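Here's the structure, in structure tokens; my notes come after.
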Amino acid sequence: MPTVFAEDSVGLVSPQTLRFAEPLTLACGRSLADYQLVYETYGQLNASASNAVLICHALSGHHHAAGYHRVDERKPGWWDSCIGPGKPIDTNKFFVVSLNNLGGCNGSTGPSSINPASGKPFGADFPMMTVEDWVHSQARLADRLGIGQWAAVVGGSLGGMQALQWSISYPERVRHCLAIASAPKLSAQNIAFNEVARQAILSDPDFHGGHFQEQGVIPKRGLILARMVGHITYLSDDAMGEKFGRDLKSDKLNYDFHSVEFQVESYLRYQGEEFSGRFDANTYLLMTKALDYFDPAAAHAGDLAKTLAPASADFCVMSFTTDWRFSPARSREIVDALMAAKKNVCYLEIDAPQGHDAFLIPIPRYLQAFSAYMHRISV
Amino acid sequence: MRADLDIIQDWIPAGSRVLDLGCGDGELLAWLREHKQVSGYGLEIDADNIAQCLRKGINVIEQDLDQGLGNFASNSFDVVVMTQALQAVQYPDKLLEEMLRVGRQCIITFPNFGHWRCRWDLARKGRMPVSEFLPYTWYNTPNIHFCTFLDFEALCHQMQLRVLDRLAVDRLHRHSLASRLWPNLLGEIGIYRVSGPSQTAV
């Protein structure tokens with residue numbers, strides 16, 4: 001157990017909570033009268049509040065992006081490879097804010113929270129959230145923290161979509177926008193995978209129309225399946241081959257359907273099992289819908305360059321060669337639109353075998369480029 | 001600044017939009033941004049060069065020139081620059097055509113294979129020229145499409161391009177009287193400014 005943390009770790013951190021009593025009107029037409037956001041911060045906000053960086057999380061992410069909650073915590077936060085003293089998002093320089101989005105299941109108001117109107121968990125009654133809604137709620141968090149303008153808004157995958165949306169919704173409040181392994185909208189294939197995941201949850205008998213909490217159960221089977229199919233899309237064929245190949249758990253075939261025979265089956269089941277114990281099914285449904293709905297260019301007849309025209313941030317877009325969930329081609333769509341809109345933009349296509357998950361992995365060239373970009377941001 | 005870049009910068013009007021193909025460490029774009037309020041992008045594939053560009057705050061885009069310039073709209077740049085890369089691309093003629101679609105003018109530099117030293121190596125030794133300036137042997141060279149000044153000008157003629165400016169210089173980028181008189185024999189590097197058939201000179 002690490003009683004002394006590494007020099008480049010933010011060390012022990014504790015989440016904080018802010019309540020918002022001002023109603024938030026959502027894209028779906030409904031509103032949240034009252035909600036709370038849980039977040040963590042790393043580093044110190046400077047006197048002019050010019051060094052703040054917002055971290056936006058992906059589908060199954062949360063506020064715990066770096067450091068440890070306890071000295072005996074097994075793993076640090078999900079983006080610890082990139083946040084800390086001397087790391088790409090250098091906490092000696094930046095004040096980093098990382099929150100759990102609305103609709104989440106890690107402390108911010110979401111489907112598993114108590115609905116004040118009924119006194120019961122929201123469950124399926126929790127309103128649908130969009131990337132835009134999240135950005136508006138994050139702007140309120142910034143207000144409360146005294147941050148008028150972010151030095152940078154940074155995110156990978158669905159987090160990158162939030163970073164892009166920030167540059168469009170609040171151009172004057174973002175100086176740099178970093179969208180990593182992201183896309184300007186989902187493809188039909190992406191939506192199809194999300195739909196399979198949703199159907200796995202919705203068809204679980206324990207789902208109870210989204211009100212499973214009241215029944216004292218969780219749609220575990222559905223969540224496991226959803227995570228399994230999701231996980232396949234996060235890894236590349238090569239990464240899976242390298243990790244598991246056709247390796248067997250034991251040295252013989254059992255000729256049945258019940259036993260776990262191949263290592264890759266064992267891995268997926270473990271991932272699913274672990275996920276089903278920590279993630280809320282309604283949150284999963286909601287997050288996948290937010291992904292499906294994201295399409296900022298739709299407001300301009302599909303013209304992404306026109307959509308990005310109001311942005312005043314400088315952009316950094318990065319993709320990974322073996323990412324087939326959000327392939328480099330999807331990042332290039334963002335880059336091409338930014339260039340057509342005459343924005344400042346850098347684009348890197350990192351050669352990495354890990355697939356979509358590469359954005360979480362400390363790949364030397366990725367970290368080096370990330371650091372170089374963050375280094376040039378003046379605060 | 002690299003001597004050829006010093007010559008090129010003189011041909012780029014202040015405030016123009018520039019696309020630099022194979023921008024290296026971003027030296028030209030950084031200089032132009034600072035001294036001539038030029039904006040634009042640099043395309044590069046070398047990881048170290050890209051990292052240097054990032055540090056300088058250059059708009060660097062990781063893109064292989066052999067994939068073409070299909071992602072850029074026609075006439076979206078005032079000047080498209082390509083220094084010392086023409087001989088290393090798969091389809092020099094197609095790229096030249098693309099450069100003139102995307103930009104109103106192009107500035108291109110390339111090594112002259114008609115230089116006397118190249119001719120000497122071939123004629124006397126019967127070997128492919130290897131020099132300090134082009135240090136590769138035939139099997140490992142990234143330079144796959146060598147040409148002479150005359151070859152390049154023949155291509156321009158065939159494509160009906162207008163050569164607006166040209167300069168033959170030695171490896172130190174000096175343009176002497178000799179290289180002006182016999183460029184194809186005494187010039188080591190060609191620096192050309194060309195426009196498409198319908199374009200007029202600035």
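Each chain in the structure tokens gets a letter, A, B and so on, in the order shown; residues start at 1 in every chain, and ligands are counted from 1 in the order they appear.
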
Can you check which residues of chain B have any atom within 12 Å of chain A? Use only C-alpha atoms and format it as a compact mmCIF listing (two decimals) with all heavy atoms, in the first residue's frame.
```
# COMPACT_ATOMS: atom_id res chain seq x y z
N ARG B 17 -2.61 34.06 -45.97
CA ARG B 17 -2.86 32.74 -45.39
C ARG B 17 -2.00 31.72 -46.12
O ARG B 17 -2.03 31.62 -47.34
CB ARG B 17 -4.33 32.37 -45.51
CG ARG B 17 -5.19 33.04 -44.46
CD ARG B 17 -6.64 32.64 -44.58
NE ARG B 17 -6.87 31.20 -44.39
CZ ARG B 17 -6.84 30.58 -43.21
NH1 ARG B 17 -6.56 31.26 -42.12
NH2 ARG B 17 -7.08 29.30 -43.12
N VAL B 18 -1.24 30.97 -45.32
CA VAL B 18 -0.22 30.09 -45.90
C VAL B 18 -0.44 28.65 -45.45
O VAL B 18 -0.74 28.38 -44.28
CB VAL B 18 1.19 30.56 -45.46
CG1 VAL B 18 2.26 29.55 -45.87
CG2 VAL B 18 1.49 31.92 -46.05
N LEU B 19 -0.31 27.73 -46.37
CA LEU B 19 -0.29 26.30 -46.05
C LEU B 19 1.11 25.80 -46.36
O LEU B 19 1.59 25.94 -47.49
CB LEU B 19 -1.33 25.55 -46.88
CG LEU B 19 -1.46 24.05 -46.63
CD1 LEU B 19 -1.93 23.76 -45.21
CD2 LEU B 19 -2.44 23.42 -47.63
N SER B 39 -1.07 33.87 -41.21
CA SER B 39 -1.72 32.78 -40.48
C SER B 39 -1.77 31.55 -41.39
O SER B 39 -1.56 31.66 -42.60
CB SER B 39 -3.13 33.18 -40.07
OG SER B 39 -3.89 33.47 -41.22
N GLY B 40 -2.05 30.41 -40.80
CA GLY B 40 -2.15 29.21 -41.63
C GLY B 40 -1.76 27.96 -40.89
O GLY B 40 -1.73 27.94 -39.65
N TYR B 41 -1.48 26.93 -41.66
CA TYR B 41 -1.23 25.61 -41.08
C TYR B 41 0.00 24.98 -41.71
O TYR B 41 0.34 25.29 -42.85
CB TYR B 41 -2.44 24.69 -41.33
CG TYR B 41 -3.74 25.28 -40.83
CD1 TYR B 41 -4.59 25.97 -41.70
CD2 TYR B 41 -4.09 25.20 -39.48
CE1 TYR B 41 -5.77 26.54 -41.23
CE2 TYR B 41 -5.25 25.77 -39.01
CZ TYR B 41 -6.09 26.44 -39.89
OH TYR B 41 -7.24 27.01 -39.42
N GLY B 42 0.60 24.09 -40.94
CA GLY B 42 1.71 23.32 -41.46
C GLY B 42 1.36 21.84 -41.42
O GLY B 42 0.84 21.36 -40.41
N LEU B 43 1.63 21.13 -42.50
CA LEU B 43 1.40 19.68 -42.50
C LEU B 43 2.74 18.98 -42.29
O LEU B 43 3.74 19.37 -42.89
CB LEU B 43 0.78 19.21 -43.82
CG LEU B 43 -0.49 19.93 -44.30
CD1 LEU B 43 -1.09 19.18 -45.49
CD2 LEU B 43 -1.51 20.07 -43.20
N GLU B 44 2.74 17.97 -41.44
CA GLU B 44 4.01 17.30 -41.11
C GLU B 44 3.69 15.88 -40.65
O GLU B 44 2.60 15.64 -40.12
CB GLU B 44 4.72 18.10 -40.01
CG GLU B 44 6.08 17.59 -39.59
CD GLU B 44 7.07 17.40 -40.73
OE1 GLU B 44 7.37 18.37 -41.44
OE2 GLU B 44 7.55 16.26 -40.91
N ILE B 45 4.63 14.96 -40.86
CA ILE B 45 4.41 13.59 -40.35
C ILE B 45 5.48 13.13 -39.37
O ILE B 45 5.32 12.14 -38.69
CB ILE B 45 4.29 12.53 -41.48
CG1 ILE B 45 5.42 12.69 -42.48
CG2 ILE B 45 2.95 12.58 -42.14
CD1 ILE B 45 5.52 11.54 -43.47
N ASP B 46 6.56 13.89 -39.25
CA ASP B 46 7.63 13.47 -38.35
C ASP B 46 7.29 13.88 -36.91
O ASP B 46 7.04 15.05 -36.62
CB ASP B 46 8.95 14.11 -38.78
CG ASP B 46 10.08 13.73 -37.86
OD1 ASP B 46 10.58 12.60 -38.00
OD2 ASP B 46 10.44 14.54 -36.98
N ALA B 47 7.29 12.88 -36.01
CA ALA B 47 6.84 13.10 -34.63
C ALA B 47 7.66 14.19 -33.92
O ALA B 47 7.10 15.03 -33.22
CB ALA B 47 6.90 11.80 -33.84
N ASP B 48 8.98 14.18 -34.10
CA ASP B 48 9.82 15.17 -33.42
C ASP B 48 9.56 16.56 -33.94
O ASP B 48 9.49 17.52 -33.17
CB ASP B 48 11.31 14.82 -33.59
CG ASP B 48 11.67 13.56 -32.83
OD1 ASP B 48 10.99 13.27 -31.82
OD2 ASP B 48 12.61 12.86 -33.25
N ASN B 49 9.41 16.67 -35.27
CA ASN B 49 9.08 17.97 -35.84
C ASN B 49 7.74 18.48 -35.33
O ASN B 49 7.58 19.66 -35.02
CB ASN B 49 9.03 17.87 -37.38
CG ASN B 49 10.42 17.97 -38.00
OD1 ASN B 49 11.33 18.55 -37.39
ND2 ASN B 49 10.59 17.41 -39.17
N ILE B 50 6.76 17.56 -35.24
CA ILE B 50 5.44 17.95 -34.76
C ILE B 50 5.52 18.47 -33.32
O ILE B 50 4.94 19.49 -32.97
CB ILE B 50 4.44 16.77 -34.88
CG1 ILE B 50 4.15 16.50 -36.36
CG2 ILE B 50 3.14 17.07 -34.13
CD1 ILE B 50 3.35 15.24 -36.63
N ALA B 51 6.30 17.77 -32.50
CA ALA B 51 6.46 18.19 -31.11
C ALA B 51 7.08 19.60 -31.04
O ALA B 51 6.66 20.43 -30.23
CB ALA B 51 7.32 17.19 -30.35
N GLN B 52 8.05 19.86 -31.91
CA GLN B 52 8.68 21.19 -31.94
C GLN B 52 7.66 22.26 -32.33
O GLN B 52 7.66 23.36 -31.78
CB GLN B 52 9.82 21.20 -32.96
CG GLN B 52 10.93 20.24 -32.60
CD GLN B 52 12.25 20.97 -32.45
OE1 GLN B 52 12.27 22.10 -31.97
NE2 GLN B 52 13.31 20.34 -32.87
N CYS B 53 6.81 21.92 -33.31
CA CYS B 53 5.77 22.86 -33.74
C CYS B 53 4.81 23.15 -32.59
O CYS B 53 4.43 24.30 -32.37
CB CYS B 53 4.96 22.28 -34.90
SG CYS B 53 5.85 22.24 -36.47
N LEU B 54 4.44 22.10 -31.85
CA LEU B 54 3.53 22.29 -30.72
C LEU B 54 4.12 23.28 -29.72
O LEU B 54 3.44 24.16 -29.22
CB LEU B 54 3.27 20.96 -30.01
CG LEU B 54 2.36 19.94 -30.70
CD1 LEU B 54 2.29 18.66 -29.88
CD2 LEU B 54 0.95 20.49 -30.89
N ARG B 55 5.42 23.10 -29.46
CA ARG B 55 6.08 23.99 -28.51
C ARG B 55 6.10 25.43 -28.99
O ARG B 55 5.97 26.36 -28.20
CB ARG B 55 7.50 23.50 -28.23
CG ARG B 55 7.55 22.58 -27.04
CD ARG B 55 8.93 22.04 -26.75
NE ARG B 55 8.80 20.59 -26.57
CZ ARG B 55 9.34 19.68 -27.34
NH1 ARG B 55 10.11 20.04 -28.34
NH2 ARG B 55 9.14 18.41 -27.11
N LYS B 56 6.23 25.60 -30.31
CA LYS B 56 6.27 26.96 -30.86
C LYS B 56 4.88 27.55 -31.01
O LYS B 56 4.74 28.72 -31.38
CB LYS B 56 6.93 26.93 -32.25
CG LYS B 56 8.41 26.64 -32.23
CD LYS B 56 9.01 26.97 -33.60
CE LYS B 56 10.49 26.66 -33.63
NZ LYS B 56 10.80 25.44 -34.39
N GLY B 57 3.86 26.74 -30.78
CA GLY B 57 2.50 27.25 -30.96
C GLY B 57 2.10 27.35 -32.42
O GLY B 57 1.24 28.13 -32.80
N ILE B 58 2.73 26.52 -33.25
CA ILE B 58 2.39 26.48 -34.68
C ILE B 58 1.19 25.57 -34.89
O ILE B 58 1.06 24.54 -34.25
CB ILE B 58 3.61 25.93 -35.48
CG1 ILE B 58 4.78 26.90 -35.40
CG2 ILE B 58 3.25 25.62 -36.93
CD1 ILE B 58 4.50 28.25 -35.97
N ASN B 59 0.31 25.95 -35.79
CA ASN B 59 -0.84 25.11 -36.14
C ASN B 59 -0.36 23.95 -37.00
O ASN B 59 -0.38 24.02 -38.23
CB ASN B 59 -1.87 25.92 -36.93
CG ASN B 59 -2.62 26.89 -36.06
OD1 ASN B 59 -2.91 26.60 -34.89
ND2 ASN B 59 -2.94 28.04 -36.60
N VAL B 60 0.06 22.89 -36.34
CA VAL B 60 0.60 21.76 -37.09
C VAL B 60 -0.45 20.65 -37.19
O VAL B 60 -1.15 20.35 -36.23
CB VAL B 60 1.92 21.24 -36.44
CG1 VAL B 60 1.68 20.65 -35.05
CG2 VAL B 60 2.58 20.18 -37.34
N ILE B 61 -0.55 20.09 -38.38
CA ILE B 61 -1.53 19.04 -38.63
C ILE B 61 -0.78 17.81 -39.09
O ILE B 61 -0.01 17.87 -40.05
CB ILE B 61 -2.52 19.47 -39.76
CG1 ILE B 61 -3.15 20.84 -39.47
CG2 ILE B 61 -3.58 18.39 -40.01
CD1 ILE B 61 -4.07 20.89 -38.28
N GLU B 62 -0.99 16.70 -38.40
CA GLU B 62 -0.33 15.46 -38.80
C GLU B 62 -1.04 14.91 -40.03
O GLU B 62 -2.15 14.40 -39.94
CB GLU B 62 -0.34 14.44 -37.66
CG GLU B 62 0.46 13.20 -38.00
CD GLU B 62 0.88 12.41 -36.77
OE1 GLU B 62 0.78 12.93 -35.64
OE2 GLU B 62 1.34 11.27 -36.94
N GLN B 63 -0.43 15.08 -41.18
CA GLN B 63 -1.06 14.64 -42.43
C GLN B 63 0.02 14.29 -43.45
O GLN B 63 0.95 15.06 -43.66
CB GLN B 63 -1.98 15.74 -42.96
CG GLN B 63 -2.72 15.33 -44.22
CD GLN B 63 -3.79 16.33 -44.64
OE1 GLN B 63 -4.35 17.06 -43.82
NE2 GLN B 63 -4.09 16.38 -45.92
N ASP B 64 -0.16 13.14 -44.08
CA ASP B 64 0.78 12.64 -45.08
C ASP B 64 0.46 13.27 -46.43
O ASP B 64 -0.67 13.18 -46.90
CB ASP B 64 0.63 11.11 -45.13
CG ASP B 64 1.69 10.46 -46.00
OD1 ASP B 64 2.37 11.18 -46.77
OD2 ASP B 64 1.82 9.23 -45.93
N LEU B 69 -4.54 16.59 -50.79
CA LEU B 69 -5.01 17.76 -50.05
C LEU B 69 -6.54 17.87 -50.15
O LEU B 69 -7.11 18.95 -50.08
CB LEU B 69 -4.36 19.04 -50.59
CG LEU B 69 -2.82 19.07 -50.59
CD1 LEU B 69 -2.31 20.34 -51.27
CD2 LEU B 69 -2.28 18.97 -49.17
N GLY B 70 -7.17 16.71 -50.31
CA GLY B 70 -8.62 16.68 -50.52
C GLY B 70 -9.43 17.30 -49.40
O GLY B 70 -10.58 17.67 -49.59
N ASN B 71 -8.82 17.43 -48.22
CA ASN B 71 -9.55 18.01 -47.09
C ASN B 71 -9.49 19.53 -47.07
O ASN B 71 -10.02 20.15 -46.16
CB ASN B 71 -9.02 17.43 -45.77
CG ASN B 71 -7.53 17.57 -45.61
OD1 ASN B 71 -6.78 17.47 -46.58
ND2 ASN B 71 -7.07 17.81 -44.41
N PHE B 72 -8.83 20.14 -48.07
CA PHE B 72 -8.78 21.60 -48.12
C PHE B 72 -9.62 22.11 -49.29
O PHE B 72 -9.57 21.55 -50.40
CB PHE B 72 -7.34 22.09 -48.28
CG PHE B 72 -6.48 21.79 -47.09
CD1 PHE B 72 -5.65 20.68 -47.08
CD2 PHE B 72 -6.53 22.61 -45.97
CE1 PHE B 72 -4.87 20.40 -45.96
CE2 PHE B 72 -5.74 22.33 -44.85
CZ PHE B 72 -4.92 21.22 -44.85
N ALA B 73 -10.37 23.16 -49.03
CA ALA B 73 -11.23 23.74 -50.06
C ALA B 73 -10.38 24.46 -51.10
O ALA B 73 -9.27 24.90 -50.82
CB ALA B 73 -12.21 24.71 -49.41
N SER B 74 -10.91 24.58 -52.31
CA SER B 74 -10.22 25.29 -53.37
C SER B 74 -10.03 26.76 -52.99
O SER B 74 -10.89 27.35 -52.35
CB SER B 74 -11.03 25.21 -54.66
OG SER B 74 -11.14 23.86 -55.06
N ASN B 75 -8.89 27.29 -53.37
CA ASN B 75 -8.58 28.71 -53.12
C ASN B 75 -8.71 29.12 -51.65
O ASN B 75 -9.13 30.23 -51.36
CB ASN B 75 -9.48 29.62 -53.97
CG ASN B 75 -9.10 29.51 -55.43
OD1 ASN B 75 -7.93 29.54 -55.78
ND2 ASN B 75 -10.11 29.35 -56.27
N SER B 76 -8.39 28.23 -50.74
CA SER B 76 -8.54 28.58 -49.33
C SER B 76 -7.25 29.18 -48.74
O SER B 76 -7.23 29.59 -47.60
CB SER B 76 -9.01 27.38 -48.51
OG SER B 76 -8.25 26.23 -48.79
N PHE B 77 -6.18 29.21 -49.54
CA PHE B 77 -4.93 29.82 -49.07
C PHE B 77 -4.38 30.77 -50.13
O PHE B 77 -4.60 30.57 -51.32
CB PHE B 77 -3.89 28.74 -48.74
CG PHE B 77 -4.27 27.91 -47.55
CD1 PHE B 77 -5.01 26.75 -47.72
CD2 PHE B 77 -3.94 28.31 -46.27
CE1 PHE B 77 -5.40 25.99 -46.62
CE2 PHE B 77 -4.31 27.55 -45.16
CZ PHE B 77 -5.05 26.40 -45.34
N VAL B 102 -5.69 24.51 -54.15
CA VAL B 102 -5.92 24.97 -52.78
C VAL B 102 -5.43 26.41 -52.59
O VAL B 102 -6.04 27.21 -51.89
CB VAL B 102 -5.23 24.00 -51.80
CG1 VAL B 102 -5.14 24.58 -50.41
CG2 VAL B 102 -5.97 22.67 -51.77
```

(request) Find the residues near Thr130 (chain A): any atom within 9 Å, counting only C-alpha atoms, skip ones fewer than 3 places away on the same chain, and give them as a list in words. (result) Leu26, Ala27, Cys28, Asp133, Trp134, Val135, Leu286, Met287, Lys289, Ala290, Leu291, Tyr293 and Phe294 of chain A

Atoms to include: C-alpha atoms. Write the selected residues as an mmCIF file, in the first residue's frame.
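In the end it all went to again13.cif:
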```cif
data_model
loop_
_atom_site.group_PDB
_atom_site.id
_atom_site.type_symbol
_atom_site.label_atom_id
_atom_site.label_comp_id
_atom_site.auth_asym_id
_atom_site.auth_seq_id
_atom_site.Cartn_x
_atom_site.Cartn_y
_atom_site.Cartn_z
ATOM 1 C CA LEU A 26 -32.720 21.001 -20.222
ATOM 2 C CA ALA A 27 -32.753 20.313 -23.953
ATOM 3 C CA CYS A 28 -35.516 17.734 -23.490
ATOM 4 C CA ASP A 133 -27.024 20.373 -20.733
ATOM 5 C CA TRP A 134 -23.827 19.127 -19.145
ATOM 6 C CA VAL A 135 -21.883 22.087 -20.456
ATOM 7 C CA LEU A 286 -28.743 8.109 -20.288
ATOM 8 C CA MET A 287 -25.043 8.457 -21.109
ATOM 9 C CA LYS A 289 -28.323 8.538 -25.380
ATOM 10 C CA ALA A 290 -26.329 11.711 -24.738
ATOM 11 C CA LEU A 291 -23.664 10.251 -27.025
ATOM 12 C CA TYR A 293 -27.837 12.774 -29.620
ATOM 13 C CA PHE A 294 -24.600 14.774 -29.829
#
```

(message) Let's see if you can do this: from backbone DSSP, list all alpha helix (DSSP H) residues in region 54-262 of chain A, as a VMD selection string.
(response) chain A and resid 131 to 145 158 to 169 188 to 202 220 to 234 237 to 243

(message) Can you pull out the residues contacting Glu153 (chain B)? Cut-off 9 Å, using only C-alpha atoms, and skip same-chain residues under 5 positions away; I want them as a ChimeraX atom specification.
(response) /B:148,158,163

Kindly export the residues of the current selection with N, CA, C and O atoms, as a PDB file, in the first residue's frame.
```pdb
ATOM      1  N   THR B 148      15.502  17.708 -62.763  1.00  0.00           N
ATOM      2  CA  THR B 148      16.382  18.861 -62.978  1.00  0.00           C
ATOM      3  C   THR B 148      15.492  20.084 -63.145  1.00  0.00           C
ATOM      4  O   THR B 148      14.272  19.960 -63.246  1.00  0.00           O
ATOM      5  N   GLN B 158       3.852  21.857 -69.404  1.00  0.00           N
ATOM      6  CA  GLN B 158       2.849  20.844 -69.746  1.00  0.00           C
ATOM      7  C   GLN B 158       1.548  21.075 -68.969  1.00  0.00           C
ATOM      8  O   GLN B 158       0.461  20.860 -69.495  1.00  0.00           O
ATOM      9  N   VAL B 163       5.358  30.364 -64.318  1.00  0.00           N
ATOM     10  CA  VAL B 163       6.477  30.532 -63.385  1.00  0.00           C
ATOM     11  C   VAL B 163       6.633  32.030 -63.135  1.00  0.00           C
ATOM     12  O   VAL B 163       6.973  32.787 -64.040  1.00  0.00           O
TER      13      VAL B 163
END
```

(request) Could you tell me, as JSON, numbers by chain, which residues of region 46-184 of chain B DSSP assigns to strand (DSSP E) when given the backbone? (result) {"B": [60, 61, 62, 77, 78, 79, 80, 81, 82, 83, 103, 104, 105, 106, 107, 108, 109, 110, 111, 162, 163, 164, 165, 166, 167, 168, 169]}

(request) Find the spatial neighbours of His69 (chain A), counting only C-alpha atoms, within a cut-off of 8 Å - ignore same-chain residues fewer than 3 positions away - and output them as a ChimeraX atom specification. (result) /A:12-14,73

Those same residues, written as a PDB file, in the first residue's frame with C-alpha atoms?
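So the final result, stored in part-v9.pdb, reads:
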```
ATOM      1  CA  LEU A  12      -4.687  12.260  -1.355  1.00  0.00           C
ATOM      2  CA  VAL A  13      -7.744  14.033  -2.667  1.00  0.00           C
ATOM      3  CA  SER A  14     -11.294  14.314  -1.442  1.00  0.00           C
ATOM      4  CA  GLU A  73      -6.857   2.731  -2.662  1.00  0.00           C
TER       5      GLU A  73
END
```

(message) Excluding region 108-122 of chain B and its own-chain neighbours fewer than 4 positions away, which residues fall within 9 Å of it when counting only C-alpha atoms? Please give them as JSON, numbers by chain.
(response) {"B": [4, 80, 81, 82, 83, 84, 85, 86, 87, 126, 127, 128, 129, 130, 131, 133, 134, 146, 147, 148, 149, 150, 168, 183, 184, 185, 186, 187, 188, 189, 190, 191, 192, 193, 194]}

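Our summary of the geometry notes that CA of Ser167 (chain A) is positioned 17.9 Å from CA of Ser378 (chain A).
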